[in-house]
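Participant: You'll find coords-v4.txt just under this line, and it carries compact mmCIF, C-alpha atoms.
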# COMPACT_ATOMS: atom_id res chain seq x y z
CA MET A 1 22.54 8.21 18.06
CA ASN A 2 19.53 6.10 18.85
CA HIS A 3 16.14 7.73 18.66
CA GLU A 4 13.12 6.98 20.75
CA HIS A 5 10.61 6.46 17.98
CA SER A 6 7.69 6.34 20.34
CA ARG A 7 5.97 9.70 19.90
CA ILE A 8 5.80 9.60 16.11
CA ASP A 9 4.69 5.97 16.31
CA ARG A 10 1.91 6.83 18.72
CA TYR A 11 0.41 9.64 16.68
CA VAL A 12 0.70 7.86 13.34
CA HIS A 13 -0.95 4.82 14.88
CA LEU A 14 -3.76 6.98 16.22
CA VAL A 15 -4.45 8.55 12.81
CA LEU A 16 -4.38 5.22 10.95
CA ARG A 17 -6.61 3.55 13.51
CA ALA A 18 -9.11 6.41 13.57
CA GLY A 19 -9.21 6.58 9.76
CA MET A 20 -9.73 2.84 9.58
CA LEU A 21 -12.56 2.71 12.13
CA LEU A 22 -14.26 5.79 10.69
CA SER A 23 -14.20 4.59 7.09
CA ILE A 24 -15.23 1.04 8.05
CA SER A 25 -18.29 2.33 9.93
CA VAL A 26 -19.35 4.74 7.18
CA LEU A 27 -18.78 2.18 4.39
CA ALA A 28 -20.68 -0.52 6.31
CA LEU A 29 -23.58 1.87 6.93
CA GLY A 30 -23.59 2.83 3.24
CA LEU A 31 -23.66 -0.81 2.12
CA LEU A 32 -26.48 -1.55 4.58
CA LEU A 33 -28.52 1.39 3.27
CA TYR A 34 -27.77 0.28 -0.29
CA ALA A 35 -28.91 -3.28 0.47
CA LEU A 36 -32.17 -1.92 1.86
CA SER A 37 -32.84 0.24 -1.19
CA PRO A 38 -30.63 -0.80 -4.07
CA GLY A 39 -30.48 1.00 -7.40
CA GLY A 40 -29.74 4.61 -8.10
CA ALA A 41 -26.90 5.93 -10.19
CA GLN A 42 -23.45 4.65 -9.16
CA VAL A 43 -21.51 7.84 -9.30
CA ASP A 44 -18.65 9.58 -7.54
CA LEU A 45 -20.30 12.65 -6.07
CA SER A 46 -18.60 15.99 -5.49
CA LEU A 47 -18.11 17.07 -1.88
CA ASP A 48 -21.15 19.39 -1.67
CA LYS A 49 -23.39 16.73 -3.24
CA ILE A 50 -22.11 14.21 -0.70
CA ALA A 51 -23.07 16.46 2.23
CA GLU A 52 -26.53 16.95 0.74
CA GLY A 53 -26.94 13.26 -0.07
CA VAL A 54 -25.79 11.99 3.32
CA LEU A 55 -28.37 14.16 5.06
CA ALA A 56 -31.03 12.82 2.70
CA GLY A 57 -29.93 9.25 3.47
CA ASN A 58 -28.76 8.52 -0.09
CA PRO A 59 -26.73 5.26 0.13
CA ILE A 60 -24.35 6.25 -2.67
CA ALA A 61 -23.53 9.54 -0.95
CA VAL A 62 -22.75 7.65 2.28
CA LEU A 63 -20.50 5.23 0.36
CA ASP A 64 -18.73 8.12 -1.38
CA LEU A 65 -18.16 9.77 2.01
CA GLY A 66 -16.60 6.54 3.31
CA ILE A 67 -14.35 6.28 0.24
CA ILE A 68 -13.17 9.88 0.63
CA LEU A 69 -12.48 9.34 4.34
CA LEU A 70 -10.39 6.32 3.40
CA ILE A 71 -8.45 8.22 0.70
CA LEU A 72 -7.80 11.05 3.16
CA THR A 73 -6.37 8.73 5.85
CA PRO A 74 -2.82 8.30 4.44
CA PHE A 75 -2.70 12.00 3.62
CA THR A 76 -3.72 12.91 7.17
CA ARG A 77 -0.98 10.70 8.59
CA VAL A 78 1.64 12.53 6.48
CA LEU A 79 0.36 15.88 7.79
CA THR A 80 0.37 14.50 11.33
CA ALA A 81 3.94 13.27 10.94
CA ALA A 82 5.00 16.70 9.69
CA VAL A 83 3.51 18.33 12.81
CA VAL A 84 5.05 15.77 15.20
CA PHE A 85 8.50 16.19 13.60
CA MET A 86 8.08 19.96 13.90
CA VAL A 87 7.21 19.73 17.59
CA ASP A 88 10.10 17.29 18.14
CA ARG A 89 12.48 19.71 16.38
CA GLU A 90 13.62 17.37 13.66
CA PRO A 91 13.96 19.76 10.73
CA ARG A 92 15.27 17.07 8.39
CA PHE A 93 12.16 15.00 8.79
CA VAL A 94 9.90 18.03 8.54
CA LEU A 95 11.49 18.52 5.12
CA VAL A 96 10.97 14.85 4.32
CA SER A 97 7.28 15.14 5.24
CA LEU A 98 6.90 18.25 3.08
CA ALA A 99 8.58 16.41 0.19
CA VAL A 100 6.01 13.62 0.58
CA ILE A 101 3.16 16.15 0.51
CA ALA A 102 4.67 17.89 -2.54
CA ALA A 103 5.03 14.57 -4.36
CA ILE A 104 1.39 13.67 -3.64
CA VAL A 105 0.15 17.07 -4.88
CA LEU A 106 2.32 16.78 -7.98
CA ALA A 107 0.97 13.27 -8.66
CA ILE A 108 -2.63 14.47 -8.36
CA LEU A 109 -1.99 17.45 -10.64
CA ALA A 110 -0.20 15.26 -13.20
CA GLY A 111 -2.98 12.60 -13.15
CA MET B 1 -24.47 -6.69 -7.66
CA ASP B 2 -26.42 -9.66 -6.26
CA LEU B 3 -25.68 -11.35 -2.95
CA ALA B 4 -23.65 -14.28 -4.33
CA LEU B 5 -21.44 -11.91 -6.29
CA ALA B 6 -21.01 -9.65 -3.27
CA VAL B 7 -19.89 -12.64 -1.18
CA GLY B 8 -17.44 -13.56 -3.95
CA VAL B 9 -15.99 -10.03 -3.98
CA LEU B 10 -15.71 -10.06 -0.17
CA LEU B 11 -13.84 -13.37 -0.24
CA VAL B 12 -11.41 -12.20 -2.92
CA ALA B 13 -10.81 -8.97 -1.02
CA PHE B 14 -10.35 -10.84 2.26
CA LEU B 15 -7.68 -13.05 0.71
CA ALA B 16 -6.02 -10.04 -0.94
CA GLY B 17 -6.02 -8.28 2.44
CA ILE B 18 -4.20 -11.22 4.03
CA VAL B 19 -1.59 -11.64 1.29
CA GLY B 20 -1.14 -7.88 0.89
CA SER B 21 -0.66 -7.22 4.59
CA VAL B 22 1.68 -10.18 5.17
CA PHE B 23 4.06 -9.32 2.30
CA GLY B 24 3.68 -5.55 2.06
CA LEU B 25 2.12 -5.62 -1.39
CA GLY B 26 -1.25 -3.92 -1.03
CA GLY B 27 -3.15 -6.79 -2.60
CA GLY B 28 -4.02 -5.27 -5.98
CA ILE B 29 -2.08 -8.11 -7.52
CA ILE B 30 -4.86 -10.47 -6.38
CA ILE B 31 -7.89 -8.19 -6.62
CA VAL B 32 -7.46 -7.12 -10.23
CA PRO B 33 -7.03 -10.54 -11.89
CA ALA B 34 -9.56 -12.25 -9.57
CA LEU B 35 -12.33 -9.71 -10.12
CA THR B 36 -11.80 -9.51 -13.87
CA LEU B 37 -11.00 -13.12 -14.74
CA LEU B 38 -13.01 -15.00 -12.08
CA LEU B 39 -15.94 -12.71 -11.35
CA GLY B 40 -16.30 -11.03 -14.73
CA PHE B 41 -16.02 -7.37 -13.76
CA GLU B 42 -14.81 -4.80 -16.28
CA ILE B 43 -11.16 -3.81 -15.86
CA LYS B 44 -12.20 -0.13 -15.85
CA GLU B 45 -14.30 -0.44 -12.67
CA VAL B 46 -11.87 -2.87 -11.02
CA ILE B 47 -8.82 -0.56 -11.17
CA GLY B 48 -10.55 2.12 -9.06
CA ALA B 49 -11.97 -0.38 -6.56
CA SER B 50 -8.59 -2.09 -6.31
CA LEU B 51 -6.78 1.17 -5.48
CA ILE B 52 -9.30 1.80 -2.70
CA GLY B 53 -8.57 -1.75 -1.52
CA VAL B 54 -4.83 -1.03 -1.52
CA ILE B 55 -5.39 2.01 0.72
CA ALA B 56 -7.54 -0.12 3.03
CA SER B 57 -4.84 -2.81 3.17
CA SER B 58 -2.14 -0.24 3.91
CA THR B 59 -4.18 1.59 6.54
CA GLY B 60 -5.47 -1.49 8.32
CA SER B 61 -2.20 -3.40 8.45
CA ALA B 62 0.04 -0.38 9.11
CA ALA B 63 -2.13 0.59 12.10
CA ARG B 64 -1.36 -2.83 13.56
CA TYR B 65 2.32 -2.97 12.50
CA VAL B 66 3.06 0.54 13.82
CA SER B 67 1.75 -0.43 17.24
CA GLU B 68 3.96 -3.54 17.15
CA GLY B 69 6.96 -1.32 16.31
CA LEU B 70 7.63 -3.10 13.00
CA VAL B 71 7.18 -0.05 10.77
CA ASN B 72 10.24 2.12 10.23
CA ILE B 73 8.24 5.33 9.81
CA ARG B 74 11.28 7.51 9.09
CA LEU B 75 12.67 5.21 6.44
CA GLY B 76 9.22 4.83 4.87
CA MET B 77 8.75 8.56 4.65
CA VAL B 78 12.21 9.13 3.19
CA MET B 79 11.41 6.63 0.44
CA GLU B 80 7.85 7.81 -0.26
CA PRO B 81 8.62 10.84 -2.46
CA ALA B 82 10.93 8.73 -4.65
CA THR B 83 8.18 6.16 -5.22
CA THR B 84 5.53 8.77 -5.94
CA LEU B 85 7.74 10.70 -8.37
CA GLY B 86 8.65 7.39 -10.00
CA SER B 87 4.99 6.58 -10.56
CA ILE B 88 4.35 9.99 -12.17
CA LEU B 89 7.22 9.48 -14.58
CA GLY B 90 6.12 5.89 -15.18
CA ALA B 91 2.63 6.96 -16.18
CA PHE B 92 4.11 9.30 -18.79
CA LEU B 93 6.69 6.83 -20.05
CA ALA B 94 4.01 4.16 -20.41
CA ILE B 95 2.57 6.14 -23.31
CA TYR B 96 5.82 6.09 -25.25
CA LEU B 97 7.51 2.83 -24.35
CA GLN B 98 6.81 -0.68 -25.48
CA GLN B 99 4.83 -2.43 -22.75
CA THR B 100 5.99 -5.89 -23.76
CA VAL B 101 9.66 -5.06 -23.47
CA LEU B 102 9.09 -3.31 -20.14
CA ALA B 103 7.12 -6.21 -18.70
CA LEU B 104 9.83 -8.66 -19.74
CA ALA B 105 12.57 -6.47 -18.29
CA PHE B 106 10.81 -6.16 -14.95
CA ALA B 107 10.02 -9.88 -14.95
CA ALA B 108 13.76 -10.55 -15.25
CA VAL B 109 14.51 -8.17 -12.37
CA LEU B 110 11.92 -9.86 -10.15
CA LEU B 111 13.22 -13.31 -10.99
CA TYR B 112 16.72 -12.19 -10.06
CA GLY B 113 15.34 -10.84 -6.77
CA ALA B 114 13.69 -14.20 -6.07
CA TYR B 115 16.93 -16.07 -6.80
CA TYR B 116 18.91 -13.72 -4.58
CA MET B 117 16.47 -13.97 -1.68
CA ILE B 118 16.57 -17.76 -1.72
CA LYS B 119 20.33 -18.01 -2.15
CA GLN B 120 21.58 -15.31 0.23
CA PRO B 121 20.66 -15.42 3.90
CA GLU B 122 19.43 -12.21 5.48
CA VAL B 123 22.16 -9.85 6.65
CA THR B 124 21.40 -7.13 9.15
CA VAL B 125 24.01 -4.72 10.41
CA HIS B 126 24.16 -3.86 14.09
CA SER B 127 27.22 -1.70 13.96
CA ARG B 128 26.62 1.92 14.74
CA GLN B 129 26.85 4.17 11.78
CA SER B 130 26.83 7.92 11.83
CA GLY B 131 24.96 10.44 9.75
CA PHE B 132 21.56 10.22 8.17
CA CYS B 133 21.41 6.42 8.00
CA ALA B 134 21.81 6.22 11.78
CA GLN B 135 18.67 8.31 12.19
CA LEU B 136 16.87 5.68 10.17
CA ALA B 137 18.02 2.76 12.33
CA GLY B 138 15.19 0.55 13.48
CA ARG B 139 14.38 -1.61 16.44
CA TYR B 140 11.53 -3.97 17.24
CA VAL B 141 10.72 -7.03 19.30
CA ASP B 142 10.00 -10.13 17.25
CA ARG B 143 6.75 -11.43 18.75
CA ARG B 144 7.57 -15.01 17.85
CA THR B 145 10.95 -15.29 19.54
CA ASN B 146 10.63 -12.34 21.96
CA GLU B 147 14.02 -11.22 20.70
CA GLU B 148 14.86 -7.58 20.23
CA VAL B 149 16.04 -6.93 16.70
CA CYS B 150 18.14 -3.83 15.98
CA TYR B 151 19.27 -2.91 12.50
CA ASP B 152 21.02 -0.12 10.67
CA VAL B 153 19.90 1.04 7.27
CA ARG B 154 22.55 0.75 4.57
CA ASN B 155 22.80 1.91 0.95
CA LEU B 156 20.16 4.61 1.18
CA PRO B 157 20.88 6.08 -2.29
CA ARG B 158 20.52 2.68 -3.90
CA GLY B 159 17.31 2.12 -1.91
CA LEU B 160 15.91 5.46 -3.09
CA LEU B 161 16.72 4.50 -6.67
CA ALA B 162 14.92 1.19 -6.17
CA SER B 163 11.84 2.89 -4.76
CA PHE B 164 11.89 5.28 -7.71
CA ALA B 165 12.00 2.23 -9.99
CA ALA B 166 9.22 0.62 -7.96
CA GLY B 167 7.04 3.68 -8.53
CA ASN B 168 7.99 3.62 -12.19
CA MET B 169 6.88 0.04 -12.47
CA SER B 170 3.53 0.74 -10.84
CA GLY B 171 3.02 3.78 -13.05
CA MET B 172 3.89 1.93 -16.24
CA LEU B 173 2.57 -1.54 -15.64
CA GLY B 174 0.04 -1.16 -12.84
CA VAL B 175 1.92 -3.67 -10.70
CA GLY B 176 2.19 -2.45 -7.12
CA GLY B 177 5.54 -1.06 -6.02
CA GLY B 178 5.79 -3.31 -2.95
CA ILE B 179 7.05 -6.21 -4.99
CA VAL B 180 10.20 -4.16 -5.73
CA LYS B 181 10.49 -2.16 -2.51
CA VAL B 182 10.39 -5.11 -0.11
CA PRO B 183 13.32 -7.00 -1.69
CA ALA B 184 15.26 -3.73 -2.12
CA MET B 185 14.86 -2.87 1.56
CA ASN B 186 15.61 -6.42 2.62
CA VAL B 187 18.51 -7.33 0.33
CA TRP B 188 20.21 -3.97 -0.18
CA MET B 189 19.34 -1.86 2.82
CA GLY B 190 19.64 -4.47 5.55
CA VAL B 191 16.07 -4.13 6.80
CA PRO B 192 14.83 -7.43 8.31
CA MET B 193 12.06 -9.13 6.31
CA LYS B 194 9.25 -8.41 8.78
CA ALA B 195 10.19 -4.75 9.09
CA ALA B 196 10.61 -4.41 5.32
CA ALA B 197 7.12 -5.82 4.63
CA ALA B 198 5.54 -3.72 7.41
CA THR B 199 7.27 -0.55 6.19
CA SER B 200 6.20 -1.26 2.61
CA ASN B 201 2.59 -1.67 3.82
CA PHE B 202 2.89 1.67 5.54
CA MET B 203 4.20 3.40 2.39
CA ILE B 204 1.74 1.93 -0.09
CA GLY B 205 -1.22 4.02 1.12
CA VAL B 206 0.56 7.22 0.11
CA THR B 207 1.47 5.91 -3.34
CA ALA B 208 -2.11 4.75 -3.94
CA LEU B 209 -3.81 7.84 -2.59
CA ALA B 210 -2.87 10.13 -5.49
CA GLY B 211 -4.06 7.59 -8.04
CA ALA B 212 -7.29 7.02 -6.13
CA ALA B 213 -7.99 10.75 -5.88
CA VAL B 214 -7.48 11.19 -9.62
CA LEU B 215 -9.74 8.23 -10.46
CA TYR B 216 -12.40 9.49 -8.05
CA ALA B 217 -12.36 12.94 -9.63
CA ASN B 218 -12.88 11.27 -13.02
CA GLY B 219 -15.79 9.18 -11.76
CA LEU B 220 -13.85 5.92 -12.01
CA VAL B 221 -14.36 4.60 -8.47
CA PRO B 222 -17.56 2.51 -8.40
CA PRO B 223 -18.91 3.14 -4.87
CA VAL B 224 -20.60 -0.19 -4.11
CA LEU B 225 -17.81 -2.36 -5.50
CA ALA B 226 -15.09 -0.22 -3.89
CA ALA B 227 -16.84 -0.31 -0.49
CA THR B 228 -17.27 -4.08 -0.65
CA VAL B 229 -13.62 -4.54 -1.59
CA ALA B 230 -12.48 -2.17 1.18
CA LEU B 231 -14.44 -4.00 3.89
CA GLY B 232 -13.15 -7.40 2.76
CA VAL B 233 -9.58 -6.12 2.62
CA PHE B 234 -9.85 -4.53 6.08
CA ALA B 235 -10.94 -7.90 7.48
CA GLY B 236 -8.01 -9.64 5.78
CA ALA B 237 -5.58 -6.98 6.96
CA THR B 238 -6.42 -7.81 10.59
CA VAL B 239 -5.60 -11.48 9.98
CA GLY B 240 -2.30 -10.92 8.10
CA PRO B 241 -0.33 -9.29 10.95
CA ARG B 242 -1.41 -12.13 13.27
CA LEU B 243 0.06 -14.67 10.85
CA VAL B 244 3.27 -12.64 10.65
CA ARG B 245 3.54 -12.65 14.44
CA HIS B 246 3.75 -16.45 14.46
CA THR B 247 6.00 -16.85 11.43
CA ALA B 248 9.79 -16.69 11.35
CA GLY B 249 11.27 -13.94 9.20
CA ALA B 250 13.28 -16.46 7.20
CA VAL B 251 10.12 -18.41 6.31
CA LEU B 252 8.35 -15.23 5.32
CA ARG B 253 11.33 -14.39 3.12
CA ARG B 254 11.16 -17.73 1.32
CA TYR B 255 7.46 -17.33 0.60
CA PHE B 256 8.14 -13.84 -0.67
CA ALA B 257 10.77 -15.20 -3.05
CA LEU B 258 8.24 -17.72 -4.38
CA LEU B 259 5.71 -14.94 -4.82
CA LEU B 260 8.30 -12.91 -6.74
CA ALA B 261 8.91 -15.82 -9.09
CA LEU B 262 5.15 -16.25 -9.55
CA VAL B 263 4.57 -12.58 -10.34
CA SER B 264 7.52 -12.67 -12.70
CA ALA B 265 5.92 -15.60 -14.56
CA LEU B 266 2.56 -13.78 -14.66
CA MET B 267 4.25 -10.73 -16.15
CA VAL B 268 5.79 -12.83 -18.88
CA LEU B 269 2.35 -14.30 -19.63
CA GLN B 270 0.87 -10.82 -19.62
CA ALA B 271 3.59 -9.53 -21.93
CA PHE B 272 2.56 -12.14 -24.47
CA GLY B 273 -1.12 -11.36 -23.95
CA PHE B 274 -2.24 -14.40 -21.97
CA ALA B 275 -3.27 -12.98 -18.60
CA GLY B 276 -5.71 -10.20 -17.80
CA GLY B 277 -4.49 -6.90 -16.40
CA LEU B 278 -2.32 -7.42 -13.38
Take the structure in the file and write it out as structure tokens.
Facilitator:
Amino acid sequence: MNHEHSRIDRYVHLVLRAGMLLSISVLALGLLLYALSPGGAQVDLSLDKIAEGVLAGNPIAVLDLGIILLILTPFTRVLTAAVVFMVDREPRFVLVSLAVIAAIVLAILAG
Amino acid sequence: MDLALAVGVLLVAFLAGIVGSVFGLGGGIIIVPALTLLLGFEIKEVIGASLIGVIASSTGSAARYVSEGLVNIRLGMVMEPATTLGSILGAFLAIYLQQTVLALAFAAVLLYGAYYMIKQPEVTVHSRQSGFCAQLAGRYVDRRTNEEVCYDVRNLPRGLLASFAAGNMSGMLGVGGGIVKVPAMNVWMGVPMKAAAATSNFMIGVTALAGAAVLYANGLVPPVLAATVALGVFAGATVGPRLVRHTAGAVLRRYFALLLALVSALMVLQAFGFAGGL
């Protein structure tokens, strides 16, 4: 049995590429803003503070947004894989994807 | 952070992005010692920035390797839970076990891996298997030779055990799991060197993401440093896959073996308290 791996490859590639380009642009913008007005507390903001801060043009909030986008990218590609395997009717690999998600959640809860 | 320091961080991250993406290691192994020992950052801020760099390295290089067909997505995803669970257990065990003994034990394992990779030529199996392993079979076109490479995956249980151990090692010692997973895939599971490194790159983002999320929630990811590292790593991770394209798998394998020996030596030094946090 030889599988065509193309569909899963295509979607995973799309997610990784989009996550990369998105986080690069936001991080570069954040660093530019920071270079223009350095200083300010270097903190990891919570999600609501980030939304507020980005609208106010706070460089740290923009950087935090970029970092969160980057952290979310691998997670999004696992979710995407789960959906593609579901559509392709590959129950074994749907289970594998769910196991990956469960392991990630467990690791975050244990940390 | 002044401009000169920022350029220094970018350069370190760029180099880490290249090495990480070529060998499937993530690059933390370069970022952490270089930023602490060379550039004088505190280990506490470097760990968070380094994990963000590892995700950048994984994302950037895997995007490229997936489009070249080098990543065995199914195999990677089958191994991911084992690695992640291993790292959870490792983090707990680290509290109770003697770090020195652990570091020495892993150093010995890595040295053995290096010896094996230099001594034994690569063996890939083309025969058709049945069952779950057959679903994991991989195929890609080597860009250097234009040859189509097909391989079956062997010894899955042993490979899962190795990726569990790889996670363990990263949880206990902070050394990335790639340094164990790549030789395990290559030597035991019959995955060609280029595919093993690419698949390891692909997997590393998932292993790092949980750690990064936890550090972020605890305020341990310094935004400016992490962003600078990420951008440098992304740049390096676009160069690495290009180098791989023009390098023979056997050459890549030899360099990996040397790297294994080097990391093994660093771990011995670290165990006796000579080197900064790896």
Participant: Distance cut-off 7 Å, counting all atoms listed in the file - which residues of chain B neighbour chain A? Return them as a ChimeraX atom specification.
Facilitator: /B:55,59-60,63,66-67,77-78,80-81,84-85,88,134-135,205-206,209-210,213-214,216,219,221-224,227,231
Participant: So that I can check the surroundings of Ala165 of chain B, please list as a ChimeraX atom specification every protein, DNA and RNA residue that reaches within 9 Å of it, counting only C-alpha atoms and ignoring chain neighbours fewer than 3 positions away.
Facilitator: /B:82-83,86-87,90,160-162,168-170,177,180-181
Participant: Hey, can you check how far atom CA of Phe202 of chain B sits from atom CA of Gly178 of chain B?
Facilitator: 10.3 Å
Participant: Would you pick out the contacts of His246 of chain B at 12 Å or less, using all atoms listed in the file, so that residues sharing its chain but fewer than 6 positions from it are not included, and give the list as a list in words?
Facilitator: Val22, Asp142, Arg143, Arg144, Thr145, Asn146, Lys194, Val239, Gly240 and Leu252 of chain B
Participant: For each of B:Ala217, B:Leu225, B:Ala114, B:Met203, take the minimum atom-to-atom distance to Arg254 of chain B, counting only C-alpha atoms, then give the residue where this is smallest.
Facilitator: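 Using only C-alpha atoms, Arg254 of chain B sits closest to B:Ala114.
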Participant: Enter the distance from atom CA of Val12 of chain B to atom CA of Ile47 of chain B, in Å, rounded to one decimal.
Facilitator: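 Distance between the two atoms: 14.5 Å.
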Participant: Restricting the calculation to only C-alpha atoms, which member of B:Ala195, B:Ile52, B:Cys150, B:Val182 is positioned closest to Pro241 of chain B?
Facilitator: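 Among the listed residues, B:Ala195 lies closest to Pro241 of chain B.
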Participant: Could you jot down the atom CA of Ala49 of chain B to atom CA of Leu89 of chain B separation for me, Å, one decimal place?
Facilitator: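 One can read the atom CA of Ala49 of chain B to atom CA of Leu89 of chain B distance as 23.0 Å.
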